[in-house]
Amino acid sequence: MKIIDGKAVSLSMREELKENIAELKEKYGKTLNLAVIIVGNDPASEIYVKNKEKACLEVGISSFTVKLDENISQAELENEVKKYAADSDIDGILVQLPLPKHLDSKSVLRLIPDEKDVDGFSDGNIGKLAKFDDSAVFSCTPFGIIKLLKAYNVELCGKHAVVVGRSNIVGKPMALMLLKEDCTVTVCHSKTSNLSDITRQADILICAVGKKHLITEDMVKDGVVVVDAGMNRVDGKLYGDVDFEKVSEKASLITPVPGGVGPMTITMLLYNTYLAGKRKVEVNK
């Protein structure tokens with residue numbers, strides 16, 4: 001068993017990004033600008049946003065946070081997003097989720113132009129991904145997982161990849177990205193019968209459901225590559241969807257929680273912002 005070190009891969013990517021961003025500025029005078037919109041005072045969201053700000057600073061992206069009152073109306077929030085959507089100096093827009101319950105996040109996210117959608121959540125970007133169009137902005141967590149697998153030279157072509165979870169943020173785009181890499185893909189979810197019968201067939205198993213230790217050692221075959229994208233906080237401690245201690249005895253490669261997929265998500269946000277700015281320069285030069 002070998003551990004997939006997400007921190008190390010993330011650090012390496014950020015160093016390369018820092019150089020590429022500096023080159024973009026030197027060559028074209030281009031400064032990358034990311035607008036982050038946060039509504040309300042959710043502690044977890046505030047921590048995520050601070051981490052994103054710090055990461056942007058590290059690689060040379062200029063980011064600023066727009067903090068809005070939790071009682072803001074739908075129209076006021078949409079006007080705020082429209083303002084940055086129309087601003088040619090802004091390369092990326094991120095609306096921190098979840099929004100307060102009275103706000104319709106789908107309507108808000110639809111206002112972000114595909115090319116500025118650095119989270120990769122828009123209908124347009126998901127549609128492009130479904131068509132294997134490389135101009136798509138890819139969802140950060142599944143994109144990070146692909147980068148991890150490639151960093152460890154995991155053969156994807158022709159392999160059976162099983163994705164447990166069908167969320168719009170991880171599961172669905174993950175399945176599409178694996179298809180794009182020529183995997184044979186099976187998607188499982190809460191209504192799947194005989195889950196273990198399917199997971200035992202996996203050459204590559206990716207789990208993203210949010211259920212502590214859903215995947216146990218009897219549910220995987222020897223030599224499987226396991227990627228755990230689950231995050232479950234229990235009594236102040238973070239657990240994945242996979243029983244790491246037991247499953248690692250059978251896996252050839254496995255991600256830990258924390259320290260596996262997590263560090264890659266913000267790194268891919270930085271990468272998407274860089275790509276957005278680079279594509280804009282290439283179109284306008």
# chains A, B, ... in the order shown; residues from 1 in each chain; ligands from 1
$ residues_around --residues "A:Lys180" --least-positions-apart "5" --cutoff "9 Å" --atoms "only C-alpha atoms" --output "list in words"
Leu129, Ala130, Lys131, Phe132 and Ala175 of chain A
$ residues_around --residues "A:Leu24" --least-positions-apart "3" --cutoff "12 Å" --atoms "only C-alpha atoms" --output "list in words"
Leu17, Lys18, Glu19, Asn20, Ile21, Lys27, Tyr28, Gly29, Lys30, Thr31, Leu32, Gly60, Ile61, Tyr274, Leu275, Ala276, Gly277, Lys278, Arg279, Lys280, Val281 and Glu282 of chain A
$ write_last_selection --atoms "C-alpha atoms" --output "JSON list (two decimals), in the first residue's frame"
[["chain", "number", "residue", "atom", "x", "y", "z"],
["A", 17, "LEU", "CA", 1.24, 27.93, -10.89],
["A", 18, "LYS", "CA", 3.18, 30.72, -9.20],
["A", 19, "GLU", "CA", 5.73, 30.65, -12.03],
["A", 20, "ASN", "CA", 3.07, 30.53, -14.75],
["A", 21, "ILE", "CA", 1.12, 33.41, -13.21],
["A", 27, "LYS", "CA", 4.57, 38.71, -20.88],
["A", 28, "TYR", "CA", 1.14, 40.31, -21.16],
["A", 29, "GLY", "CA", 0.90, 42.66, -18.15],
["A", 30, "LYS", "CA", -1.99, 40.50, -16.97],
["A", 31, "THR", "CA", -2.98, 40.42, -13.31],
["A", 32, "LEU", "CA", -5.45, 37.70, -12.35],
["A", 60, "GLY", "CA", 0.05, 35.77, -7.14],
["A", 61, "ILE", "CA", -3.70, 35.97, -7.77],
["A", 274, "TYR", "CA", -5.18, 30.97, -14.03],
["A", 275, "LEU", "CA", -6.69, 29.20, -17.04],
["A", 276, "ALA", "CA", -9.52, 31.75, -17.19],
["A", 277, "GLY", "CA", -7.06, 34.64, -17.33],
["A", 278, "LYS", "CA", -4.76, 32.87, -19.79],
["A", 279, "ARG", "CA", -7.64, 32.08, -22.16],
["A", 280, "LYS", "CA", -8.80, 35.70, -22.03],
["A", 281, "VAL", "CA", -5.32, 36.94, -22.96],
["A", 282, "GLU", "CA", -5.02, 34.43, -25.80]]
$ closest_residue --among "A:Asn51, A:Thr186, A:Asn284, A:Gln74" --to "A:Val164" --atoms "only C-alpha atoms"
A:Thr186
$ residues_around --residues "A:Val187" --least-positions-apart "4" --cutoff "10 Å" --atoms "only C-alpha atoms" --output "list in words"
Ala161, Val162, Val163, Val164, Gly165, Arg166, Gly171, Lys172, Met174, Ala175, Thr192, Ile198, Thr199 and Ile206 of chain A
$ write_last_selection --atoms "N, CA and C atoms" --output "compact mmCIF listing (two decimals), in the first residue's frame"
# COMPACT_ATOMS: atom_id res chain seq x y z
N ALA A 161 -13.68 2.07 -13.25
CA ALA A 161 -13.75 3.04 -12.16
C ALA A 161 -15.16 3.04 -11.59
N VAL A 162 -15.27 2.89 -10.29
CA VAL A 162 -16.57 2.94 -9.61
C VAL A 162 -16.62 4.21 -8.78
N VAL A 163 -17.63 5.02 -9.04
CA VAL A 163 -17.84 6.26 -8.29
C VAL A 163 -19.04 6.05 -7.37
N VAL A 164 -18.82 6.23 -6.07
CA VAL A 164 -19.91 6.10 -5.10
C VAL A 164 -20.32 7.51 -4.70
N GLY A 165 -21.52 7.92 -5.16
CA GLY A 165 -21.99 9.29 -4.95
C GLY A 165 -22.33 9.92 -6.29
N ARG A 166 -23.42 10.67 -6.33
CA ARG A 166 -23.87 11.26 -7.60
C ARG A 166 -24.20 12.75 -7.46
N GLY A 171 -19.71 13.71 -7.62
CA GLY A 171 -20.01 12.43 -8.26
C GLY A 171 -20.25 12.48 -9.75
N LYS A 172 -21.18 13.34 -10.18
CA LYS A 172 -21.51 13.39 -11.62
C LYS A 172 -20.35 13.88 -12.48
N MET A 174 -17.26 13.80 -11.73
CA MET A 174 -16.19 12.81 -11.61
C MET A 174 -16.38 11.70 -12.62
N ALA A 175 -17.62 11.21 -12.73
CA ALA A 175 -17.91 10.14 -13.68
C ALA A 175 -17.61 10.58 -15.11
N THR A 192 -28.61 2.18 -4.76
CA THR A 192 -27.94 1.05 -5.40
C THR A 192 -28.11 -0.22 -4.57
N ILE A 198 -20.62 -4.40 -6.45
CA ILE A 198 -20.11 -3.51 -7.50
C ILE A 198 -18.75 -2.94 -7.11
N THR A 199 -18.60 -2.50 -5.86
CA THR A 199 -17.32 -1.90 -5.45
C THR A 199 -16.18 -2.90 -5.53
N ILE A 206 -13.77 5.55 -6.18
CA ILE A 206 -13.83 6.93 -5.71
C ILE A 206 -15.12 7.11 -4.92
$ select_by_dssp --residues "stretch 67-216 of chain A" --states "alpha helix (DSSP H)" --output "ChimeraX atom specification"
/A:74-85,105-109,123-130,140-151,171-180,195-199
$ write_last_selection --atoms "N, CA and C atoms" --output "compact mmCIF listing (two decimals), in the first residue's frame"
# COMPACT_ATOMS: atom_id res chain seq x y z
N GLN A 74 -32.90 38.33 -2.92
CA GLN A 74 -32.47 37.62 -4.13
C GLN A 74 -32.02 38.63 -5.20
N ALA A 75 -32.82 39.66 -5.39
CA ALA A 75 -32.52 40.66 -6.42
C ALA A 75 -31.21 41.39 -6.12
N GLU A 76 -30.99 41.74 -4.85
CA GLU A 76 -29.76 42.45 -4.48
C GLU A 76 -28.53 41.57 -4.72
N LEU A 77 -28.62 40.30 -4.34
CA LEU A 77 -27.50 39.39 -4.56
C LEU A 77 -27.24 39.20 -6.06
N GLU A 78 -28.30 39.03 -6.82
CA GLU A 78 -28.13 38.84 -8.25
C GLU A 78 -27.51 40.06 -8.92
N ASN A 79 -27.88 41.25 -8.46
CA ASN A 79 -27.28 42.47 -9.00
C ASN A 79 -25.79 42.55 -8.70
N GLU A 80 -25.42 42.07 -7.52
CA GLU A 80 -24.00 42.05 -7.13
C GLU A 80 -23.21 41.12 -8.05
N VAL A 81 -23.77 39.94 -8.31
CA VAL A 81 -23.10 38.99 -9.20
C VAL A 81 -23.02 39.54 -10.62
N LYS A 82 -24.09 40.16 -11.08
CA LYS A 82 -24.12 40.72 -12.44
C LYS A 82 -23.03 41.78 -12.61
N LYS A 83 -22.77 42.53 -11.56
CA LYS A 83 -21.77 43.59 -11.62
C LYS A 83 -20.39 43.02 -11.96
N TYR A 84 -20.03 41.92 -11.29
CA TYR A 84 -18.71 41.32 -11.53
C TYR A 84 -18.70 40.49 -12.80
N ALA A 85 -19.86 39.97 -13.18
CA ALA A 85 -19.95 39.24 -14.46
C ALA A 85 -19.65 40.17 -15.63
N SER A 105 -29.83 29.48 -5.00
CA SER A 105 -28.44 29.42 -5.45
C SER A 105 -28.35 29.11 -6.95
N LYS A 106 -29.27 28.31 -7.48
CA LYS A 106 -29.21 27.96 -8.90
C LYS A 106 -29.36 29.20 -9.78
N SER A 107 -30.29 30.08 -9.41
CA SER A 107 -30.49 31.31 -10.18
C SER A 107 -29.26 32.21 -10.11
N VAL A 108 -28.64 32.25 -8.94
CA VAL A 108 -27.45 33.08 -8.75
C VAL A 108 -26.29 32.54 -9.58
N LEU A 109 -26.06 31.24 -9.53
CA LEU A 109 -24.93 30.65 -10.24
C LEU A 109 -25.08 30.77 -11.75
N ASP A 123 -24.16 25.27 -15.83
CA ASP A 123 -24.77 24.33 -16.78
C ASP A 123 -23.91 24.22 -18.04
N GLY A 124 -23.38 25.36 -18.47
CA GLY A 124 -22.57 25.37 -19.69
C GLY A 124 -21.30 24.57 -19.54
N ASN A 125 -20.62 24.71 -18.41
CA ASN A 125 -19.37 23.98 -18.21
C ASN A 125 -19.60 22.49 -18.02
N ILE A 126 -20.67 22.13 -17.33
CA ILE A 126 -20.99 20.71 -17.19
C ILE A 126 -21.36 20.12 -18.55
N GLY A 127 -22.11 20.91 -19.35
CA GLY A 127 -22.47 20.46 -20.69
C GLY A 127 -21.25 20.25 -21.57
N LYS A 128 -20.29 21.17 -21.49
CA LYS A 128 -19.06 21.03 -22.28
C LYS A 128 -18.27 19.80 -21.82
N LEU A 129 -18.24 19.58 -20.51
CA LEU A 129 -17.55 18.40 -19.99
C LEU A 129 -18.19 17.13 -20.53
N ALA A 130 -19.52 17.11 -20.56
CA ALA A 130 -20.24 15.93 -21.07
C ALA A 130 -19.89 15.66 -22.53
N CYS A 140 -13.75 21.62 -9.35
CA CYS A 140 -12.45 21.59 -8.67
C CYS A 140 -12.10 20.26 -8.02
N THR A 141 -13.03 19.67 -7.24
CA THR A 141 -12.68 18.44 -6.52
C THR A 141 -12.42 17.27 -7.47
N PRO A 142 -13.33 16.96 -8.41
CA PRO A 142 -13.02 15.86 -9.33
C PRO A 142 -11.81 16.14 -10.22
N PHE A 143 -11.61 17.39 -10.61
CA PHE A 143 -10.44 17.76 -11.40
C PHE A 143 -9.17 17.48 -10.59
N GLY A 144 -9.21 17.82 -9.31
CA GLY A 144 -8.08 17.55 -8.42
C GLY A 144 -7.80 16.06 -8.29
N ILE A 145 -8.86 15.25 -8.27
CA ILE A 145 -8.70 13.80 -8.17
C ILE A 145 -8.01 13.26 -9.42
N ILE A 146 -8.40 13.74 -10.59
CA ILE A 146 -7.73 13.33 -11.83
C ILE A 146 -6.26 13.69 -11.78
N LYS A 147 -5.94 14.89 -11.30
CA LYS A 147 -4.54 15.32 -11.20
C LYS A 147 -3.77 14.42 -10.23
N LEU A 148 -4.40 14.03 -9.12
CA LEU A 148 -3.75 13.13 -8.16
C LEU A 148 -3.44 11.78 -8.80
N LEU A 149 -4.41 11.22 -9.48
CA LEU A 149 -4.22 9.91 -10.12
C LEU A 149 -3.09 9.97 -11.15
N LYS A 150 -3.05 11.04 -11.92
CA LYS A 150 -2.00 11.17 -12.92
C LYS A 150 -0.63 11.41 -12.29
N ALA A 151 -0.62 12.13 -11.17
CA ALA A 151 0.65 12.38 -10.48
C ALA A 151 1.27 11.07 -9.99
N GLY A 171 -19.71 13.71 -7.62
CA GLY A 171 -20.01 12.43 -8.26
C GLY A 171 -20.25 12.48 -9.75
N LYS A 172 -21.18 13.34 -10.18
CA LYS A 172 -21.51 13.39 -11.62
C LYS A 172 -20.35 13.88 -12.48
N PRO A 173 -19.73 15.05 -12.13
CA PRO A 173 -18.59 15.47 -12.95
C PRO A 173 -17.41 14.49 -12.87
N MET A 174 -17.26 13.80 -11.73
CA MET A 174 -16.19 12.81 -11.61
C MET A 174 -16.38 11.70 -12.62
N ALA A 175 -17.62 11.21 -12.73
CA ALA A 175 -17.91 10.14 -13.68
C ALA A 175 -17.61 10.58 -15.11
N LEU A 176 -17.98 11.81 -15.45
CA LEU A 176 -17.73 12.33 -16.80
C LEU A 176 -16.23 12.48 -17.08
N MET A 177 -15.48 12.95 -16.08
CA MET A 177 -14.03 13.10 -16.27
C MET A 177 -13.34 11.76 -16.45
N LEU A 178 -13.81 10.75 -15.72
CA LEU A 178 -13.23 9.42 -15.87
C LEU A 178 -13.57 8.83 -17.24
N LEU A 179 -14.79 9.08 -17.71
CA LEU A 179 -15.14 8.66 -19.07
C LEU A 179 -14.25 9.35 -20.10
N LYS A 180 -13.98 10.62 -19.86
CA LYS A 180 -13.11 11.38 -20.76
C LYS A 180 -11.70 10.77 -20.81
N LEU A 195 -24.36 -2.94 -3.08
CA LEU A 195 -23.24 -2.02 -3.34
C LEU A 195 -21.90 -2.74 -3.33
N SER A 196 -21.69 -3.60 -2.37
CA SER A 196 -20.38 -4.26 -2.25
C SER A 196 -20.06 -5.13 -3.46
N ASP A 197 -21.08 -5.70 -4.10
CA ASP A 197 -20.84 -6.51 -5.30
C ASP A 197 -20.23 -5.67 -6.41
N ILE A 198 -20.62 -4.40 -6.45
CA ILE A 198 -20.11 -3.51 -7.50
C ILE A 198 -18.75 -2.94 -7.11
N THR A 199 -18.60 -2.50 -5.86
CA THR A 199 -17.32 -1.90 -5.45
C THR A 199 -16.18 -2.90 -5.53
$ residues_around --residues "stretch 250-254 of chain A" --least-positions-apart "4" --cutoff "10 Å" --atoms "only C-alpha atoms" --output "PyMOL selection string"
chain A and resi 1-5+149+152+154+203-206+217-218+220-228+242+244-246+260
$ residues_around --residues "A:Gln96" --least-positions-apart "2" --cutoff "10 Å" --atoms "only C-alpha atoms" --output "PDB file with N, CA, C and O atoms, in the first residue's frame"
ATOM      1  N   VAL A  36     -14.717  36.878  -4.748  1.00  0.00           N
ATOM      2  CA  VAL A  36     -15.352  35.868  -3.898  1.00  0.00           C
ATOM      3  C   VAL A  36     -16.516  36.521  -3.167  1.00  0.00           C
ATOM      4  O   VAL A  36     -16.330  37.512  -2.453  1.00  0.00           O
ATOM      5  N   ILE A  37     -17.702  35.982  -3.358  1.00  0.00           N
ATOM      6  CA  ILE A  37     -18.908  36.543  -2.734  1.00  0.00           C
ATOM      7  C   ILE A  37     -19.394  35.599  -1.649  1.00  0.00           C
ATOM      8  O   ILE A  37     -19.640  34.413  -1.903  1.00  0.00           O
ATOM      9  N   ILE A  38     -19.510  36.104  -0.439  1.00  0.00           N
ATOM     10  CA  ILE A  38     -19.984  35.295   0.679  1.00  0.00           C
ATOM     11  C   ILE A  38     -21.167  36.010   1.332  1.00  0.00           C
ATOM     12  O   ILE A  38     -21.138  37.227   1.534  1.00  0.00           O
ATOM     13  N   VAL A  39     -22.215  35.259   1.630  1.00  0.00           N
ATOM     14  CA  VAL A  39     -23.434  35.818   2.221  1.00  0.00           C
ATOM     15  C   VAL A  39     -23.610  35.237   3.627  1.00  0.00           C
ATOM     16  O   VAL A  39     -23.610  34.019   3.802  1.00  0.00           O
ATOM     17  N   SER A  45     -17.919  28.468   6.145  1.00  0.00           N
ATOM     18  CA  SER A  45     -17.726  29.205   4.894  1.00  0.00           C
ATOM     19  C   SER A  45     -16.662  30.285   5.053  1.00  0.00           C
ATOM     20  O   SER A  45     -15.838  30.496   4.154  1.00  0.00           O
ATOM     21  N   GLU A  46     -16.674  30.954   6.202  1.00  0.00           N
ATOM     22  CA  GLU A  46     -15.685  32.009   6.439  1.00  0.00           C
ATOM     23  C   GLU A  46     -14.271  31.437   6.476  1.00  0.00           C
ATOM     24  O   GLU A  46     -13.321  32.047   5.973  1.00  0.00           O
ATOM     25  N   TYR A  48     -13.264  28.659   4.909  1.00  0.00           N
ATOM     26  CA  TYR A  48     -12.937  28.296   3.527  1.00  0.00           C
ATOM     27  C   TYR A  48     -12.496  29.518   2.734  1.00  0.00           C
ATOM     28  O   TYR A  48     -11.508  29.468   1.992  1.00  0.00           O
ATOM     29  N   VAL A  49     -13.226  30.619   2.897  1.00  0.00           N
ATOM     30  CA  VAL A  49     -12.910  31.833   2.143  1.00  0.00           C
ATOM     31  C   VAL A  49     -11.540  32.381   2.550  1.00  0.00           C
ATOM     32  O   VAL A  49     -10.742  32.797   1.692  1.00  0.00           O
ATOM     33  N   ILE A  93     -15.255  34.344 -10.742  1.00  0.00           N
ATOM     34  CA  ILE A  93     -16.252  34.687  -9.729  1.00  0.00           C
ATOM     35  C   ILE A  93     -16.599  33.418  -8.967  1.00  0.00           C
ATOM     36  O   ILE A  93     -16.892  32.381  -9.564  1.00  0.00           O
ATOM     37  N   LEU A  94     -16.564  33.532  -7.651  1.00  0.00           N
ATOM     38  CA  LEU A  94     -16.912  32.389  -6.812  1.00  0.00           C
ATOM     39  C   LEU A  94     -17.969  32.825  -5.804  1.00  0.00           C
ATOM     40  O   LEU A  94     -17.749  33.778  -5.058  1.00  0.00           O
ATOM     41  N   PRO A  98     -22.904  26.935   1.237  1.00  0.00           N
ATOM     42  CA  PRO A  98     -24.310  27.173   0.911  1.00  0.00           C
ATOM     43  C   PRO A  98     -24.717  28.626   1.164  1.00  0.00           C
ATOM     44  O   PRO A  98     -24.131  29.315   2.004  1.00  0.00           O
ATOM     45  N   LEU A  99     -25.737  29.060   0.440  1.00  0.00           N
ATOM     46  CA  LEU A  99     -26.348  30.357   0.683  1.00  0.00           C
ATOM     47  C   LEU A  99     -27.449  30.202   1.730  1.00  0.00           C
ATOM     48  O   LEU A  99     -27.961  29.089   1.928  1.00  0.00           O
ATOM     49  N   SER A 105     -29.831  29.481  -4.995  1.00  0.00           N
ATOM     50  CA  SER A 105     -28.440  29.420  -5.455  1.00  0.00           C
ATOM     51  C   SER A 105     -28.346  29.113  -6.953  1.00  0.00           C
ATOM     52  O   SER A 105     -27.451  29.621  -7.636  1.00  0.00           O
ATOM     53  N   ASP A 119     -15.461  27.624 -10.259  1.00  0.00           N
ATOM     54  CA  ASP A 119     -15.876  26.426  -9.528  1.00  0.00           C
ATOM     55  C   ASP A 119     -16.251  25.294 -10.484  1.00  0.00           C
ATOM     56  O   ASP A 119     -16.307  24.129 -10.092  1.00  0.00           O
TER      57      ASP A 119
END
$ closest_residue --among "A:Ser139, A:Asn168, A:Asn71, A:Ser193" --to "A:Met264" --atoms "only C-alpha atoms"
A:Ser139
$ atom_distance --atom1 "atom CA of A:His213" --atom2 "atom CA of A:Gly6"
19.8 Å
$ atom_distance --atom1 "atom CA of A:Lys67" --atom2 "atom CA of A:Gly92"
16.4 Å
$ closest_residue --among "A:Lys116, A:Leu68, A:His160, A:Ile215" --to "A:Ser248" --atoms "only C-alpha atoms"
A:Ile215
$ select_by_dssp --residues "stretch 106-192 of chain A" --states "strand (DSSP E)" --output "ChimeraX atom specification"
/A:160-164,184-188
$ atom_distance --atom1 "atom CA of A:Ile47" --atom2 "atom CA of A:Ala35"
16.3 Å
$ closest_residue --among "A:Glu15, A:Glu181, A:Asp42, A:Asp134" --to "A:Leu97" --atoms "only C-alpha atoms"
A:Asp42
$ closest_residue --among "A:Ala22, A:Ala44, A:Val118, A:Cys188" --to "A:Ala136" --atoms "only C-alpha atoms"
A:Val118
$ residues_around --residues "A:Asn232" --least-positions-apart "6" --cutoff "9 Å" --atoms "only C-alpha atoms" --output "PyMOL selection string"
chain A and resi 210-212+238-241
$ write_last_selection --atoms "N, CA and C atoms" --output "tab-separated table (two decimals), in the first residue's frame"
chain	number	residue	atom	x	y	z
A	210	GLY	N	-20.28	11.24	2.06
A	210	GLY	CA	-20.44	11.87	3.36
A	210	GLY	C	-21.01	10.93	4.40
A	211	LYS	N	-20.50	9.71	4.41
A	211	LYS	CA	-20.92	8.73	5.41
A	211	LYS	C	-19.69	8.03	5.95
A	212	LYS	N	-19.41	8.24	7.22
A	212	LYS	CA	-18.19	7.71	7.83
A	212	LYS	C	-18.05	6.20	7.63
A	238	LEU	N	-11.97	14.38	11.96
A	238	LEU	CA	-12.36	14.23	10.57
A	238	LEU	C	-12.16	12.80	10.09
A	239	TYR	N	-13.20	12.26	9.48
A	239	TYR	CA	-13.14	10.90	8.93
A	239	TYR	C	-13.55	10.93	7.47
A	240	GLY	N	-13.07	9.95	6.72
A	240	GLY	CA	-13.48	9.81	5.35
A	240	GLY	C	-14.64	8.84	5.21
A	241	ASP	N	-15.03	8.58	3.97
A	241	ASP	CA	-16.07	7.59	3.68
A	241	ASP	C	-15.50	6.17	3.69
$ decode --residues "stretch 135-161 of chain A" --atoms "N, CA and C atoms" --output "short mmCIF file (atom, residue, chain, number, x, y, z; two decimals), in the first residue's frame"
data_model
loop_
_atom_site.label_atom_id
_atom_site.label_comp_id
_atom_site.auth_asym_id
_atom_site.auth_seq_id
_atom_site.Cartn_x
_atom_site.Cartn_y
_atom_site.Cartn_z
N SER A 135 -12.49 23.16 -23.58
CA SER A 135 -12.67 24.57 -23.21
C SER A 135 -13.51 24.71 -21.94
N ALA A 136 -14.03 23.59 -21.43
CA ALA A 136 -14.81 23.62 -20.19
C ALA A 136 -13.92 24.00 -19.01
N VAL A 137 -14.54 24.62 -18.01
CA VAL A 137 -13.89 24.79 -16.71
C VAL A 137 -14.37 23.62 -15.85
N PHE A 138 -13.44 22.80 -15.38
CA PHE A 138 -13.79 21.57 -14.69
C PHE A 138 -14.00 21.78 -13.20
N SER A 139 -14.96 21.08 -12.63
CA SER A 139 -15.25 21.16 -11.19
C SER A 139 -14.00 20.83 -10.38
N CYS A 140 -13.75 21.62 -9.35
CA CYS A 140 -12.45 21.59 -8.67
C CYS A 140 -12.10 20.26 -8.02
N THR A 141 -13.03 19.67 -7.24
CA THR A 141 -12.68 18.44 -6.52
C THR A 141 -12.42 17.27 -7.47
N PRO A 142 -13.33 16.96 -8.41
CA PRO A 142 -13.02 15.86 -9.33
C PRO A 142 -11.81 16.14 -10.22
N PHE A 143 -11.61 17.39 -10.61
CA PHE A 143 -10.44 17.76 -11.40
C PHE A 143 -9.17 17.48 -10.59
N GLY A 144 -9.21 17.82 -9.31
CA GLY A 144 -8.08 17.55 -8.42
C GLY A 144 -7.80 16.06 -8.29
N ILE A 145 -8.86 15.25 -8.27
CA ILE A 145 -8.70 13.80 -8.17
C ILE A 145 -8.01 13.26 -9.42
N ILE A 146 -8.40 13.74 -10.59
CA ILE A 146 -7.73 13.33 -11.83
C ILE A 146 -6.26 13.69 -11.78
N LYS A 147 -5.94 14.89 -11.30
CA LYS A 147 -4.54 15.32 -11.20
C LYS A 147 -3.77 14.42 -10.23
N LEU A 148 -4.40 14.03 -9.12
CA LEU A 148 -3.75 13.13 -8.16
C LEU A 148 -3.44 11.78 -8.80
N LEU A 149 -4.41 11.22 -9.48
CA LEU A 149 -4.22 9.91 -10.12
C LEU A 149 -3.09 9.97 -11.15
N LYS A 150 -3.05 11.04 -11.92
CA LYS A 150 -2.00 11.17 -12.92
C LYS A 150 -0.63 11.41 -12.29
N ALA A 151 -0.62 12.13 -11.17
CA ALA A 151 0.65 12.38 -10.48
C ALA A 151 1.27 11.07 -9.99
N TYR A 152 0.43 10.09 -9.69
CA TYR A 152 0.91 8.78 -9.23
C TYR A 152 0.90 7.74 -10.34
N ASN A 153 0.81 8.23 -11.57
CA ASN A 153 0.90 7.37 -12.76
C ASN A 153 -0.10 6.22 -12.75
N VAL A 154 -1.30 6.49 -12.28
CA VAL A 154 -2.35 5.48 -12.29
C VAL A 154 -2.89 5.34 -13.71
N GLU A 155 -2.86 4.13 -14.23
CA GLU A 155 -3.39 3.87 -15.56
C GLU A 155 -4.91 4.00 -15.52
N LEU A 156 -5.46 4.85 -16.37
CA LEU A 156 -6.90 5.09 -16.39
C LEU A 156 -7.58 4.42 -17.58
N CYS A 157 -6.94 4.44 -18.72
CA CYS A 157 -7.54 3.92 -19.95
C CYS A 157 -7.92 2.45 -19.79
N GLY A 158 -9.21 2.17 -20.01
CA GLY A 158 -9.69 0.80 -19.98
C GLY A 158 -9.98 0.24 -18.60
N LYS A 159 -9.66 0.98 -17.55
CA LYS A 159 -9.87 0.50 -16.19
C LYS A 159 -11.33 0.71 -15.76
N HIS A 160 -11.78 -0.15 -14.84
CA HIS A 160 -13.14 -0.02 -14.32
C HIS A 160 -13.11 0.90 -13.10
N ALA A 161 -13.68 2.07 -13.25
CA ALA A 161 -13.75 3.04 -12.16
C ALA A 161 -15.16 3.04 -11.59
#
